[in-house]
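Enquirer: Dropping a structure here in structure tokens format, bear with me for questions.
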Amino acid sequence: RIGAVAGVTAPLGIRAWLGYYFSDKFEFDEGSEFEGTGFKLGVGFRLIPMLHMNFEYLSSTYDESDGASLSQERDMNGFAVTLSVPVSF
């Protein structure tokens with residue numbers, strides 16, 4: 001995936017972000033792949049200092065398969081729940 005993500009941090013340890021993928025690939029075990037674009041929306045909450053719980057919605061639309069255009073686009077959507085340790089630079 002190649003894209004950009006922007007986010008904000010609110011008081012009380014709440015974070016939100018939005019990402020857009022200019023290039024998104026999904027590869028199957030047998031070697032074929034889909035190519036397209038996608039986005040994600042996320043929100044995170046501080047559970048304790050230095051530990052966040054995150055909820056993300058991911059959506060991708062694929063319009064190419066093995067370099068050839070698809071006659072009908074394929075959509076893939078999902079939801080993720082993760083734990084993270086924020087690091088600031």
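Going through the structure tokens in order, the chains are called A, B, and so on, while each chain numbers its residues from 1 and the ligands are numbered from 1 in the order shown.
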For the structure I just gave you, how does DSSP split chain A - specifically, which residues are strand (DSSP E or B)? Reply as a ChimeraX atom specification.

Expert: /A:2-10,14-27,33-48,51-65,68-84

Enquirer: Give me, as a PDB file with N, CA and C atoms, in the first residue's frame, all polymer residues having an atom no more than 10 Å from Ser32 in chain A, counting only C-alpha atoms and skipping those fewer than 3 positions away in the same chain.

Expert:
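As a result, result_38.pdb now contains:
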ATOM      1  N   PHE A  26      -3.628  -6.618  -3.403  1.00  0.00           N
ATOM      2  CA  PHE A  26      -4.034  -7.791  -2.632  1.00  0.00           C
ATOM      3  C   PHE A  26      -3.562  -9.009  -3.408  1.00  0.00           C
ATOM      4  N   GLU A  27      -2.672  -9.798  -2.788  1.00  0.00           N
ATOM      5  CA  GLU A  27      -2.101 -10.963  -3.459  1.00  0.00           C
ATOM      6  C   GLU A  27      -2.690 -12.247  -2.897  1.00  0.00           C
ATOM      7  N   PHE A  28      -3.032 -13.162  -3.799  1.00  0.00           N
ATOM      8  CA  PHE A  28      -3.538 -14.467  -3.419  1.00  0.00           C
ATOM      9  C   PHE A  28      -2.376 -15.448  -3.276  1.00  0.00           C
ATOM     10  N   ASP A  29      -2.589 -16.526  -2.545  1.00  0.00           N
ATOM     11  CA  ASP A  29      -1.548 -17.540  -2.343  1.00  0.00           C
ATOM     12  C   ASP A  29      -1.056 -18.137  -3.654  1.00  0.00           C
ATOM     13  N   SER A  65      -6.577  -6.813 -12.321  1.00  0.00           N
ATOM     14  CA  SER A  65      -6.142  -8.129 -11.875  1.00  0.00           C
ATOM     15  C   SER A  65      -5.012  -8.598 -12.779  1.00  0.00           C
ATOM     16  N   ASP A  66      -3.848  -8.821 -12.185  1.00  0.00           N
ATOM     17  CA  ASP A  66      -2.660  -9.240 -12.940  1.00  0.00           C
ATOM     18  C   ASP A  66      -2.379  -8.315 -14.121  1.00  0.00           C
ATOM     19  N   GLY A  67      -2.564  -7.001 -13.924  1.00  0.00           N
ATOM     20  CA  GLY A  67      -2.262  -6.001 -14.940  1.00  0.00           C
ATOM     21  C   GLY A  67      -3.362  -5.734 -15.951  1.00  0.00           C
TER      22      GLY A  67
END

Enquirer: Please identify all polymer residues within 12 Å of Asp24 in chain A, counting only C-alpha atoms, omitting same-chain residues fewer than 5 positions from it, and present them as a ChimeraX atom specification.

Expert: /A:1-4,33-40,58-65,75-76

Enquirer: Would you export the selected residues with N, CA and C atoms as a PDB file, in the first residue's frame, please?

Expert:
ATOM      1  N   ARG A   1       0.838  -1.175   0.000  1.00  0.00           N
ATOM      2  CA  ARG A   1       0.000   0.000   0.000  1.00  0.00           C
ATOM      3  C   ARG A   1       0.880   1.234   0.000  1.00  0.00           C
ATOM      4  N   ILE A   2       0.523   2.165  -0.854  1.00  0.00           N
ATOM      5  CA  ILE A   2       1.189   3.461  -0.883  1.00  0.00           C
ATOM      6  C   ILE A   2       0.093   4.504  -0.707  1.00  0.00           C
ATOM      7  N   GLY A   3       0.248   5.376   0.304  1.00  0.00           N
ATOM      8  CA  GLY A   3      -0.799   6.353   0.556  1.00  0.00           C
ATOM      9  C   GLY A   3      -0.367   7.396   1.553  1.00  0.00           C
ATOM     10  N   ALA A   4      -1.338   8.110   2.072  1.00  0.00           N
ATOM     11  CA  ALA A   4      -1.101   9.173   3.042  1.00  0.00           C
ATOM     12  C   ALA A   4      -2.120   9.056   4.171  1.00  0.00           C
ATOM     13  N   GLU A  33      -2.986 -11.337  -8.326  1.00  0.00           N
ATOM     14  CA  GLU A  33      -3.163 -10.168  -7.456  1.00  0.00           C
ATOM     15  C   GLU A  33      -4.183  -9.202  -8.033  1.00  0.00           C
ATOM     16  N   PHE A  34      -4.826  -8.449  -7.133  1.00  0.00           N
ATOM     17  CA  PHE A  34      -5.726  -7.361  -7.487  1.00  0.00           C
ATOM     18  C   PHE A  34      -5.017  -6.049  -7.163  1.00  0.00           C
ATOM     19  N   GLU A  35      -5.285  -5.002  -7.956  1.00  0.00           N
ATOM     20  CA  GLU A  35      -4.727  -3.684  -7.710  1.00  0.00           C
ATOM     21  C   GLU A  35      -5.842  -2.654  -7.756  1.00  0.00           C
ATOM     22  N   GLY A  36      -5.749  -1.628  -6.887  1.00  0.00           N
ATOM     23  CA  GLY A  36      -6.757  -0.575  -6.861  1.00  0.00           C
ATOM     24  C   GLY A  36      -6.399   0.502  -5.866  1.00  0.00           C
ATOM     25  N   THR A  37      -7.422   1.108  -5.263  1.00  0.00           N
ATOM     26  CA  THR A  37      -7.241   2.171  -4.277  1.00  0.00           C
ATOM     27  C   THR A  37      -8.041   1.826  -3.022  1.00  0.00           C
ATOM     28  N   GLY A  38      -7.809   2.587  -1.948  1.00  0.00           N
ATOM     29  CA  GLY A  38      -8.550   2.316  -0.725  1.00  0.00           C
ATOM     30  C   GLY A  38      -8.422   3.442   0.284  1.00  0.00           C
ATOM     31  N   PHE A  39      -9.163   3.306   1.380  1.00  0.00           N
ATOM     32  CA  PHE A  39      -9.078   4.279   2.463  1.00  0.00           C
ATOM     33  C   PHE A  39      -9.295   3.574   3.794  1.00  0.00           C
ATOM     34  N   LYS A  40      -8.936   4.281   4.863  1.00  0.00           N
ATOM     35  CA  LYS A  40      -9.207   3.790   6.214  1.00  0.00           C
ATOM     36  C   LYS A  40      -9.612   4.954   7.103  1.00  0.00           C
ATOM     37  N   LEU A  58     -11.521  -0.334   7.174  1.00  0.00           N
ATOM     38  CA  LEU A  58     -10.716  -0.327   5.957  1.00  0.00           C
ATOM     39  C   LEU A  58     -11.583  -0.698   4.764  1.00  0.00           C
ATOM     40  N   SER A  59     -11.411   0.004   3.660  1.00  0.00           N
ATOM     41  CA  SER A  59     -12.181  -0.272   2.454  1.00  0.00           C
ATOM     42  C   SER A  59     -11.273  -0.128   1.233  1.00  0.00           C
ATOM     43  N   SER A  60     -11.313  -1.105   0.340  1.00  0.00           N
ATOM     44  CA  SER A  60     -10.520  -1.068  -0.885  1.00  0.00           C
ATOM     45  C   SER A  60     -11.403  -1.415  -2.072  1.00  0.00           C
ATOM     46  N   THR A  61     -11.110  -0.789  -3.204  1.00  0.00           N
ATOM     47  CA  THR A  61     -11.783  -1.081  -4.461  1.00  0.00           C
ATOM     48  C   THR A  61     -10.712  -1.465  -5.473  1.00  0.00           C
ATOM     49  N   TYR A  62     -10.838  -2.664  -6.032  1.00  0.00           N
ATOM     50  CA  TYR A  62      -9.844  -3.171  -6.970  1.00  0.00           C
ATOM     51  C   TYR A  62     -10.422  -3.151  -8.379  1.00  0.00           C
ATOM     52  N   ASP A  63      -9.644  -2.589  -9.326  1.00  0.00           N
ATOM     53  CA  ASP A  63     -10.118  -2.485 -10.711  1.00  0.00           C
ATOM     54  C   ASP A  63      -9.176  -3.153 -11.714  1.00  0.00           C
ATOM     55  N   GLU A  64      -8.083  -3.770 -11.221  1.00  0.00           N
ATOM     56  CA  GLU A  64      -7.153  -4.486 -12.089  1.00  0.00           C
ATOM     57  C   GLU A  64      -6.805  -5.830 -11.468  1.00  0.00           C
ATOM     58  N   SER A  65      -6.577  -6.813 -12.321  1.00  0.00           N
ATOM     59  CA  SER A  65      -6.142  -8.129 -11.875  1.00  0.00           C
ATOM     60  C   SER A  65      -5.012  -8.598 -12.779  1.00  0.00           C
ATOM     61  N   ASP A  75     -14.796  -5.090  -4.395  1.00  0.00           N
ATOM     62  CA  ASP A  75     -14.675  -4.333  -3.150  1.00  0.00           C
ATOM     63  C   ASP A  75     -14.289  -5.267  -2.012  1.00  0.00           C
ATOM     64  N   MET A  76     -13.463  -4.754  -1.108  1.00  0.00           N
ATOM     65  CA  MET A  76     -13.101  -5.496   0.089  1.00  0.00           C
ATOM     66  C   MET A  76     -13.175  -4.522   1.266  1.00  0.00           C
TER      67      MET A  76
END

Enquirer: Please list as a PyMOL selection string every residue within 12 Å of Phe45 in chain A, counting only C-alpha atoms and excluding residues in the same chain fewer than 6 positions away.

Expert: chain A and resi 9-16+51-56+81-86

Enquirer: Using the selection just defined, write its residues with N, CA, C and O atoms as a compact mmCIF listing (two decimals), in the first residue's frame.

Expert:
# COMPACT_ATOMS: atom_id res chain seq x y z
N THR A 9 -5.18 14.59 17.50
CA THR A 9 -5.24 14.10 18.87
C THR A 9 -6.04 15.09 19.70
O THR A 9 -5.77 16.29 19.67
N ALA A 10 -7.05 14.59 20.39
CA ALA A 10 -7.92 15.43 21.22
C ALA A 10 -7.54 15.21 22.69
O ALA A 10 -6.81 14.28 23.02
N PRO A 11 -8.07 16.05 23.57
CA PRO A 11 -7.81 15.85 25.00
C PRO A 11 -8.32 14.48 25.47
O PRO A 11 -9.12 13.83 24.80
N LEU A 12 -7.84 14.05 26.59
CA LEU A 12 -8.23 12.79 27.23
C LEU A 12 -7.77 11.55 26.45
O LEU A 12 -8.35 10.47 26.58
N GLY A 13 -6.75 11.70 25.59
CA GLY A 13 -6.17 10.55 24.91
C GLY A 13 -6.98 9.98 23.77
O GLY A 13 -6.86 8.81 23.45
N ILE A 14 -7.79 10.80 23.13
CA ILE A 14 -8.59 10.34 21.99
C ILE A 14 -7.89 10.78 20.70
O ILE A 14 -7.48 11.94 20.57
N ARG A 15 -7.73 9.85 19.76
CA ARG A 15 -7.09 10.14 18.48
C ARG A 15 -8.00 9.69 17.34
O ARG A 15 -8.73 8.71 17.49
N ALA A 16 -7.93 10.39 16.22
CA ALA A 16 -8.69 10.00 15.03
C ALA A 16 -7.82 10.22 13.80
O ALA A 16 -6.97 11.11 13.78
N LEU A 51 -0.61 3.08 26.32
CA LEU A 51 -1.31 1.96 25.69
C LEU A 51 -2.65 2.45 25.16
O LEU A 51 -3.48 2.96 25.93
N HIS A 52 -2.85 2.29 23.85
CA HIS A 52 -4.09 2.72 23.19
C HIS A 52 -4.81 1.53 22.58
O HIS A 52 -4.19 0.58 22.13
N MET A 53 -6.14 1.60 22.56
CA MET A 53 -6.96 0.66 21.82
C MET A 53 -7.48 1.40 20.60
O MET A 53 -7.99 2.52 20.71
N ASN A 54 -7.35 0.78 19.42
CA ASN A 54 -7.71 1.41 18.16
C ASN A 54 -8.78 0.61 17.43
O ASN A 54 -8.79 -0.61 17.47
N PHE A 55 -9.65 1.34 16.77
CA PHE A 55 -10.69 0.76 15.93
C PHE A 55 -10.54 1.37 14.54
O PHE A 55 -10.55 2.58 14.40
N GLU A 56 -10.38 0.51 13.51
CA GLU A 56 -10.20 1.00 12.15
C GLU A 56 -11.18 0.31 11.20
O GLU A 56 -11.40 -0.89 11.30
N VAL A 81 -9.45 -4.22 15.25
CA VAL A 81 -9.30 -3.73 16.62
C VAL A 81 -7.87 -4.07 17.03
O VAL A 81 -7.47 -5.24 16.96
N THR A 82 -7.09 -3.05 17.39
CA THR A 82 -5.68 -3.26 17.70
C THR A 82 -5.29 -2.54 18.99
O THR A 82 -5.98 -1.62 19.44
N LEU A 83 -4.17 -2.95 19.56
CA LEU A 83 -3.53 -2.25 20.67
C LEU A 83 -2.25 -1.64 20.15
O LEU A 83 -1.56 -2.24 19.31
N SER A 84 -1.90 -0.43 20.62
CA SER A 84 -0.67 0.21 20.16
C SER A 84 -0.01 1.00 21.29
O SER A 84 -0.65 1.36 22.27
N VAL A 85 1.28 1.22 21.08
CA VAL A 85 2.08 2.06 21.97
C VAL A 85 2.52 3.25 21.15
O VAL A 85 3.34 3.10 20.24
N PRO A 86 1.97 4.45 21.39
CA PRO A 86 2.30 5.62 20.57
C PRO A 86 3.76 6.04 20.77
O PRO A 86 4.29 6.00 21.88
